[in-house]
Structure formats: structure tokens, C-alpha cells
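Trainee: model_26.cif is reproduced in full below (mmCIF, C-alpha atoms).
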data_entry
loop_
_atom_site.label_atom_id
_atom_site.label_comp_id
_atom_site.auth_asym_id
_atom_site.auth_seq_id
_atom_site.Cartn_x
_atom_site.Cartn_y
_atom_site.Cartn_z
CA MET A 101 21.83 -4.27 -8.53
CA GLY A 102 18.84 -6.47 -9.23
CA THR A 103 15.43 -6.70 -10.80
CA LEU A 104 12.32 -7.28 -8.75
CA ILE A 105 9.13 -8.57 -10.39
CA PRO A 106 6.08 -7.87 -8.18
CA THR A 107 2.67 -9.19 -9.24
CA LEU A 108 -0.64 -8.35 -7.61
CA THR A 109 -3.70 -10.56 -8.16
CA LEU A 110 -7.18 -9.66 -6.90
CA THR A 111 -10.05 -12.11 -7.16
CA ASP A 112 -13.65 -11.93 -5.98
CA THR A 113 -16.64 -13.91 -7.22
CA SER A 114 -19.25 -12.84 -4.68
CA THR A 115 -19.41 -9.08 -4.23
CA PHE A 116 -20.58 -7.77 -7.58
CA SER A 117 -22.67 -8.85 -10.52
CA ASP A 118 -19.43 -9.26 -12.38
CA GLU A 119 -16.46 -11.28 -11.21
CA ILE A 120 -13.26 -9.50 -10.20
CA SER A 121 -10.24 -11.23 -11.64
CA PHE A 122 -7.40 -8.84 -11.97
CA SER A 123 -3.64 -9.03 -12.18
CA VAL A 124 -0.90 -6.44 -12.62
CA THR A 125 2.84 -6.92 -12.73
CA ASP A 126 5.86 -4.67 -12.85
CA SER A 127 9.63 -4.77 -13.24
CA LEU A 128 11.59 -2.78 -10.68
CA THR A 129 15.28 -2.00 -10.82
CA THR A 130 16.71 -2.02 -7.31
CA GLY A 131 19.86 -0.70 -5.71
CA THR A 132 21.38 -0.67 -2.26
CA PRO A 133 20.63 -0.84 0.57
CA SER A 134 18.00 -3.55 0.73
CA GLN A 135 16.58 -5.54 3.61
CA GLY A 136 15.80 -9.17 2.87
CA LEU A 137 12.84 -10.95 4.40
CA THR A 138 12.96 -10.35 8.12
CA LYS A 139 10.60 -11.24 10.95
CA VAL A 140 10.52 -9.00 14.01
CA THR A 141 8.36 -8.49 17.06
CA ILE A 142 6.59 -5.15 17.03
CA THR A 143 5.51 -4.01 20.47
CA THR A 144 3.03 -1.47 21.73
CA ALA A 145 5.70 0.29 23.73
CA ASP A 146 7.14 2.57 21.10
CA ASN A 147 7.36 3.29 17.40
CA GLN A 148 9.84 0.89 15.83
CA GLU A 149 11.71 2.19 12.80
CA LEU A 150 11.89 -0.25 9.89
CA VAL A 151 13.01 2.14 7.12
CA ASP A 152 15.47 4.81 8.18
CA ASN A 153 14.38 8.26 7.04
CA GLY A 154 18.04 9.32 7.06
CA VAL A 155 18.88 7.00 4.15
CA SER A 156 18.07 8.68 0.86
CA GLY A 157 15.99 7.05 -1.85
CA VAL A 158 12.60 5.55 -2.62
CA PHE A 159 12.08 2.13 -1.02
CA TYR A 160 9.73 -0.61 -2.20
CA PHE A 161 8.31 -1.96 1.04
CA PHE A 162 6.62 -5.30 1.71
CA ALA A 163 5.10 -6.34 5.04
CA LYS A 164 2.91 -9.12 6.38
CA ASN A 165 1.27 -9.23 9.79
CA HIS A 166 1.67 -12.77 11.14
CA ASP A 167 -0.49 -12.23 14.20
CA ASP A 168 -3.86 -14.01 14.43
CA THR A 169 -5.79 -11.30 16.24
CA ASN A 170 -4.04 -7.93 16.45
CA PHE A 171 -3.33 -5.21 13.94
CA VAL A 172 -0.27 -3.03 13.46
CA ILE A 173 -0.02 0.65 12.52
CA LEU A 174 2.40 1.87 9.85
CA GLN A 175 3.44 5.51 9.84
CA THR A 176 6.13 7.92 8.75
CA THR A 177 8.99 8.62 11.12
CA ALA A 178 7.22 11.94 11.75
CA SER A 179 4.37 9.86 13.26
CA GLU A 180 1.87 10.46 10.44
CA GLN A 181 -0.24 7.30 10.56
CA TYR A 182 -1.44 6.11 7.18
CA ALA A 183 -1.87 2.35 7.19
CA ARG A 184 -3.34 -0.31 9.43
CA LEU A 185 -2.41 -3.90 8.71
CA SER A 186 -4.92 -6.40 10.06
CA PRO A 187 -4.09 -9.96 11.18
CA GLY A 188 -2.77 -12.07 8.32
CA GLU A 189 -2.75 -9.21 5.82
CA TRP A 190 0.12 -7.99 3.66
CA CYS A 191 0.95 -4.77 1.80
CA PHE A 192 3.37 -3.55 -0.86
CA PHE A 193 4.02 0.10 -1.65
CA PRO A 194 6.80 2.63 -2.30
CA VAL A 195 8.04 4.74 0.62
CA ASN A 196 9.15 8.17 -0.40
CA ASP A 197 12.63 9.60 -0.01
CA GLY A 198 13.11 10.94 3.51
CA ASN A 199 9.82 9.64 4.93
CA GLY A 200 11.07 6.51 6.63
CA LEU A 201 8.65 3.98 8.03
CA GLU A 202 7.76 3.01 11.56
CA ALA A 203 5.53 0.29 12.95
CA ARG A 204 3.65 0.16 16.22
CA ALA A 205 1.43 -2.58 17.56
CA ASP A 206 -1.86 -1.39 19.01
CA THR A 207 -3.23 -3.94 21.44
CA ALA A 208 -0.47 -6.47 21.91
CA SER A 209 2.86 -7.35 20.36
CA ILE A 210 2.73 -8.88 16.89
CA GLU A 211 5.19 -10.62 14.61
CA LEU A 212 5.78 -8.65 11.43
CA GLU A 213 7.51 -9.97 8.35
CA TYR A 214 8.96 -7.26 6.17
CA ALA A 215 11.49 -6.48 3.47
CA TYR A 216 12.45 -3.44 1.45
CA TRP A 217 14.47 -2.69 -1.62
CA LYS A 218 15.84 0.68 -2.66
CA LYS A 219 14.82 1.90 -6.09
CA GLY A 220 17.81 1.74 -8.41
CA MET B 142 -20.51 -11.76 1.99
CA ALA B 143 -17.68 -10.31 -0.01
CA THR B 144 -14.65 -12.52 -0.25
CA THR B 145 -11.89 -10.63 -1.98
CA THR B 146 -8.54 -12.37 -2.11
CA ALA B 147 -5.37 -10.38 -2.64
CA THR B 148 -2.19 -12.18 -3.57
CA VAL B 149 1.28 -10.83 -4.16
CA ASN B 150 4.20 -12.61 -5.73
CA ILE B 151 7.62 -10.96 -5.71
CA THR B 152 10.42 -12.68 -7.57
CA SER B 153 13.98 -11.91 -8.48
CA SER B 154 16.71 -14.01 -10.00
CA ASP B 155 19.57 -11.57 -9.50
CA LEU B 156 19.01 -9.74 -6.24
CA ILE B 157 21.60 -11.76 -4.33
CA ASN B 158 24.01 -14.03 -6.12
CA GLY B 159 22.90 -17.64 -5.76
CA MET B 160 19.79 -16.77 -3.76
CA PRO B 161 16.78 -16.20 -6.01
CA LEU B 162 13.78 -14.58 -4.36
CA SER B 163 10.31 -16.07 -4.68
CA LEU B 164 7.99 -14.48 -2.18
CA SER B 165 4.26 -15.14 -2.06
CA ALA B 166 1.61 -13.85 0.31
CA SER B 167 -2.16 -14.06 0.14
CA SER B 168 -4.94 -12.77 2.34
CA THR B 169 -8.66 -12.16 2.32
CA LEU B 170 -9.63 -8.55 2.80
CA MET B 171 -11.27 -8.10 6.18
CA GLN B 172 -13.42 -5.53 7.83
CA THR B 173 -12.12 -3.94 11.01
CA GLY B 174 -11.40 -6.85 13.31
CA LEU B 175 -11.63 -10.36 11.94
CA THR B 176 -14.83 -10.22 9.91
CA THR B 177 -14.28 -11.21 6.29
CA GLY B 178 -15.48 -8.99 3.54
CA LEU B 179 -15.25 -5.40 2.40
CA GLU B 180 -18.57 -4.94 0.61
CA LEU B 181 -17.99 -1.44 -0.74
CA MET B 182 -15.71 -0.80 -3.64
CA GLU B 183 -15.02 1.83 -6.23
CA MET B 184 -12.65 1.66 -9.15
CA GLY B 185 -11.79 3.66 -12.21
CA ASN B 186 -9.28 5.47 -14.38
CA HIS B 187 -8.23 9.09 -14.21
CA GLU B 188 -5.89 11.38 -16.07
CA ILE B 189 -4.14 14.25 -14.33
CA ALA B 190 -1.93 16.96 -15.75
CA THR B 191 1.57 17.46 -14.45
CA GLY B 192 1.72 19.44 -11.25
CA THR B 193 -1.95 18.88 -10.56
CA GLU B 194 -3.02 17.58 -7.17
CA PHE B 195 -5.96 15.21 -7.34
CA SER B 196 -8.10 14.11 -4.42
CA LEU B 197 -8.58 10.40 -5.03
CA ALA B 198 -10.59 9.53 -1.94
CA GLU B 199 -12.19 11.58 0.77
CA ALA B 200 -12.09 10.27 4.30
CA LEU B 201 -15.81 9.57 4.58
CA GLY B 202 -17.07 6.99 7.03
CA THR B 203 -15.91 5.76 10.37
CA ALA B 204 -12.43 6.51 11.62
CA ASN B 205 -9.99 3.61 11.68
CA ASP B 206 -12.16 1.27 9.62
CA ALA B 207 -10.39 -1.15 7.30
CA ASN B 208 -9.87 0.15 3.75
CA TRP B 209 -7.62 -1.04 0.94
CA VAL B 210 -6.24 1.03 -1.92
CA TYR B 211 -4.74 -0.07 -5.22
CA ILE B 212 -3.14 2.52 -7.53
CA CYS B 213 -1.17 1.92 -10.71
CA ASN B 214 0.68 4.60 -12.65
CA LYS B 215 -0.04 3.70 -16.29
CA ALA B 216 2.53 6.09 -17.75
CA THR B 217 5.05 4.54 -20.11
CA ASP B 218 7.52 7.41 -20.04
CA ASP B 219 10.12 6.70 -17.36
CA THR B 220 10.23 10.35 -16.35
CA PHE B 221 6.53 10.51 -15.44
CA TYR B 222 5.87 9.71 -11.79
CA MET B 223 3.10 10.14 -9.25
CA ASP B 224 3.47 11.35 -5.71
CA TRP B 225 0.82 10.10 -3.30
CA GLY B 226 0.02 11.13 0.19
CA ILE B 227 -2.45 11.28 3.01
CA ASN B 228 -3.51 14.29 5.02
CA GLU B 229 -1.14 16.60 3.11
CA THR B 230 1.79 14.34 3.97
CA MET B 231 3.59 12.83 1.02
CA ILE B 232 4.01 9.11 1.63
CA GLY B 233 5.36 7.58 -1.54
CA ARG B 234 6.21 7.87 -5.20
CA LEU B 235 4.98 5.63 -8.02
CA GLN B 236 7.21 5.55 -11.07
CA ALA B 237 5.85 4.79 -14.54
CA GLY B 238 4.26 1.33 -14.51
CA ASP B 239 4.52 0.91 -10.73
CA TRP B 240 1.60 -0.22 -8.57
CA MET B 241 0.89 -0.34 -4.87
CA PHE B 242 -1.60 -2.02 -2.56
CA PHE B 243 -1.89 -0.83 0.99
CA PRO B 244 -4.32 -0.67 3.93
CA TRP B 245 -5.43 2.94 4.16
CA ASN B 246 -5.90 4.03 7.74
CA MET B 247 -8.63 6.65 7.54
CA SER B 248 -7.75 7.91 10.98
CA ASP B 249 -9.70 11.15 10.80
CA ALA B 250 -11.69 13.38 8.44
CA ALA B 251 -8.51 14.97 7.10
CA ALA B 252 -6.94 11.66 6.04
CA GLU B 253 -7.89 11.91 2.39
CA ILE B 254 -5.73 10.31 -0.29
CA GLU B 255 -4.17 12.67 -2.80
CA VAL B 256 -2.06 12.00 -5.86
CA GLU B 257 -0.05 14.41 -7.98
CA ALA B 258 1.44 13.89 -11.43
CA GLN B 259 4.99 14.95 -12.19
CA GLY B 260 6.82 15.02 -15.50
CA GLY B 261 3.76 14.98 -17.73
CA THR B 262 0.11 14.05 -17.94
CA ILE B 263 -0.44 10.67 -16.30
CA GLN B 264 -3.20 8.13 -16.61
CA PHE B 265 -3.67 5.95 -13.59
CA GLU B 266 -6.09 3.27 -12.49
CA TYR B 267 -7.29 2.65 -8.99
CA ALA B 268 -9.55 0.57 -6.80
CA ILE B 269 -10.63 1.23 -3.24
CA PHE B 270 -12.21 -1.41 -1.00
CA LYS B 271 -14.03 0.12 1.96
CA SER B 272 -15.70 -0.87 5.20
CA ASN B 273 -17.90 2.15 5.38
CA TRP B 274 -18.55 5.03 3.06
CA THR B 275 -20.98 7.77 3.95
CA LEU B 276 -21.83 10.17 1.18
CA PRO B 277 -21.94 13.83 2.18
CA THR B 278 -25.36 15.39 2.65
CA ALA B 279 -26.63 17.23 -0.42
CA SER B 280 -26.60 20.99 -0.02
CA SER B 281 -30.21 21.39 -1.18
#
Please express the file's structure as C-alpha cells.

Mentor:
Amino acid sequence: MGTLIPTLTLTDTSTFSDEISFSVTDSLTTGTPSQGLTKVTITTADNQELVDNGVSGVFYFFAKNHDDTNFVILQTTASEQYARLSPGEWCFFPVNDGNGLEARADTASIELEYAYWKKG
Amino acid sequence: MATTTATVNITSSDLINGMPLSLSASSTLMQTGLTTGLELMEMGNHEIATGTEFSLAEALGTANDANWVYICNKATDDTFYMDWGINETMIGRLQAGDWMFFPWNMSDAAAEIEVEAQGGTIQFEYAIFKSNWTLPTASS
């Protein structure tokens, strides 16, 4: 269906005696379905499903928290919390087949940008 | 103060006809709240045999602190993949060459990160940026 090229770069000149300057890239073959860049409001009221656990496949998931002050929890659709995205932060990782992904704001509603692509 | 900047670029020229993708996001790793700087870090390489579960990081420290995890499956054989999970729940699967970067929510003492190789022996590299890391007390 398409090829996705994700590149991660980490830099840090102040923490260690040696500078961190690191980059890794990959080439991912994707299939369908995919969800293009989308911005939604995530509330504290309930768990909001972003990746449907009923759709088979591994999904490459990207998200960015656009809020200035509040974090958002990411979890499986079985409510196993595993990630906490702070204000302004982003993440990129593969969601396993059948796990799904839900988001829930903790303190107040936030705007979350996200996208996912099914592994081809 | 630690100032670690993480940047992702995701591009595609053929995802949707006539609509190339060029996504970029950058952020400075923060402690819990809005304080910049995760001062604690560990990194390394490991090799695990197929079918072997490996505890990559114990949930040591304060619950719900900010932590970031990078893992890359360095296998070159397309049939070698790594399952990863937290608290005995499988979360995702890294195929050969794939990487991930995510904010680990160490919600309780059982929320350790585990990886398991499938298909063959896999080398992987990792880095973990932490807010707090308390070593266990020595037994003697």
C-alpha cells in the first residue's frame, strides 16, 4: 500500500560527559486501514478508543499531546495503562494485534494529534 | 539540567496518491509535570534467544513518574521479531529493524518492561530515560 520512513533523532549535550547524538531510521511497509493525521479532544470522562482492537493487525501509532499543561494516558482496550504523554510530547510505537489503544485525559481535556498505519 | 531533545520525522511518498506525508515533531523530555530534564539514563545492547523472555527494566522508583524508552530490533532477518509488554501484558511487536520511542508509565511495582524474541536470536539496543530510579537494597 505504501512505505513509511520513520526517523528518530535524540540529542543531548548537557547530561553526560559525552554528547548524545543519535539517529535511527526504518522503512515500514503499510497496508489498510490507516488513519491519517487527526486531531481530537480527549476528555477525562471516559476511555476513548483510537485503535480498534477488533481490527486485526499490527499498527504503527504516532501521537502528540498538544496541551500546554495536562498529560494523557494511553492504554490497551483492556484498560492496561502503559504510557503517559506529557504536554507537548510525542510518541511512536507498534500496537500489537488485538490490543487496540485507548486514550484518557487525566486532569482536563486535551487535544491529541494522532495517526496510525497498519503493518503491510 | 538535562536537556534531551527527541525528534521524529515520518515521511512517505506513496501512502496516498498525490498526498506525500512529511510529519515532524520535536519535544524536550520532561520530568513529571513541566520541569525539563530527565537526568537518569541507561542504555545498552542485549542478545536474547528465541522464545526467551527478558526483563528490560524493573519498575523501580516513584509510581507515575515520567520515563522514556527507546528499543530497536537489530535483526536483519525479516522473520525475527520482538514482542514487548508491560506488567505481563503484551503491548506491541517490533519487526526486524523496527524501533519505538514511548513514554513508559511506571504505574506500579509490577509495571516492568519485558521483551521476548521470536523466530531466532535477536540483538537489540535500548535506552531508558528516567525521572527516578531507586536501586533495590542489597541482601547482605

Trainee: Specify as a ChimeraX atom specification all residues of chain A found within 7 Å of chain B, counting only C-alpha atoms.

Mentor: /A:101-112,114-115,126,182-185,188-196,199

Trainee: So that I can see what lies close to B:Ala190, please list as a ChimeraX atom specification the residues with an atom at most 9 Å from it, counting all atoms listed in the file and leaving out residues fewer than 4 positions away in the same chain.

Mentor: /B:194,257-264

Trainee: Rounded to one decimal, what separation in Å do you get between atom CA of A:Thr125 and atom CA of A:Glu202?

Mentor: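 Between atom CA of A:Thr125 and atom CA of A:Glu202 the gap works out to 26.7 Å.
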
Trainee: Go ahead and compute the interatomic distance for atom CA of A:Gly200 and atom CA of A:Ile142, in Å to one decimal.

Mentor: 16.3 Å

Trainee: Do you know which residues the PyMOL selection byres ((chain A and resi 156-160) around 7) returns on this file, as a ChimeraX atom specification?

Mentor: /A:154-155,161-162,193-198,216-219

Trainee: Excluding same-chain residues fewer than 2 positions from A:Ser179, what lies within 9 Å of it counting all atoms listed in the file, as a PDB file with C-alpha atoms, in the coordinates of the input?

Mentor:
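The result, written out as result.pdb:
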ATOM      1  CA  ASN A 147       7.360   3.290  17.400  1.00  0.00           C
ATOM      2  CA  LEU A 174       2.400   1.870   9.850  1.00  0.00           C
ATOM      3  CA  GLN A 175       3.440   5.510   9.840  1.00  0.00           C
ATOM      4  CA  THR A 176       6.130   7.920   8.750  1.00  0.00           C
ATOM      5  CA  THR A 177       8.990   8.620  11.120  1.00  0.00           C
ATOM      6  CA  GLN A 181      -0.240   7.300  10.560  1.00  0.00           C
ATOM      7  CA  LEU A 201       8.650   3.980   8.030  1.00  0.00           C
ATOM      8  CA  GLU A 202       7.760   3.010  11.560  1.00  0.00           C
TER       9      GLU A 202
END

Trainee: Rank nothing, just name the residue among A:Thr113, A:Thr129, A:Ser186, A:Gly136 nearest to A:Ala215, using only C-alpha atoms.

Mentor: A:Gly136

Trainee: Looking at all atoms listed in the file, which of B:Ile269, B:Ala216, B:Ala251, B:Met160 is the one that sits closest to B:Leu197?

Mentor: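 For B:Leu197, the nearest of the candidates is B:Ile269.
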
Trainee: Please measure the separation of atom CA of B:Leu201 and atom CA of B:Ser272, giving the value in Å to one decimal.

Mentor: 10.5 Å

Trainee: (-0.9, -8.2, 18.7) in this file's frame - what residues fall within 7 Å of it? Use only C-alpha atoms and give the answer as a list of chain:residue names.

Mentor: A:Asp167, A:Thr169, A:Asn170, A:Phe171, A:Ala205, A:Asp206, A:Thr207, A:Ala208, A:Ser209, A:Ile210

Trainee: Ranking A:Ile120, A:Leu150, A:Ile173, A:Ala203 by minimum distance to A:Thr138 and counting only C-alpha atoms, which one comes first?

Mentor: A:Leu150

Trainee: Hey, what comes out of the PyMOL selection byres ((chain B and resi 187) around 8) on this file? Could you write it as a PDB file with C-alpha atoms, in the frame of the given file?

Mentor:
ATOM      1  CA  GLY B 185     -11.790   3.660 -12.210  1.00  0.00           C
ATOM      2  CA  ASN B 186      -9.280   5.470 -14.380  1.00  0.00           C
ATOM      3  CA  GLU B 188      -5.890  11.380 -16.070  1.00  0.00           C
ATOM      4  CA  ILE B 189      -4.140  14.250 -14.330  1.00  0.00           C
ATOM      5  CA  GLN B 264      -3.200   8.130 -16.610  1.00  0.00           C
ATOM      6  CA  PHE B 265      -3.670   5.950 -13.590  1.00  0.00           C
ATOM      7  CA  GLU B 266      -6.090   3.270 -12.490  1.00  0.00           C
TER       8      GLU B 266
END

Trainee: Considering only C-alpha atoms, state which residue in the set A:Val151, A:Ala163, A:Val172, A:Ala178 is at the smallest distance from A:Leu137.

Mentor: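 For A:Leu137, the nearest of the candidates is A:Ala163.
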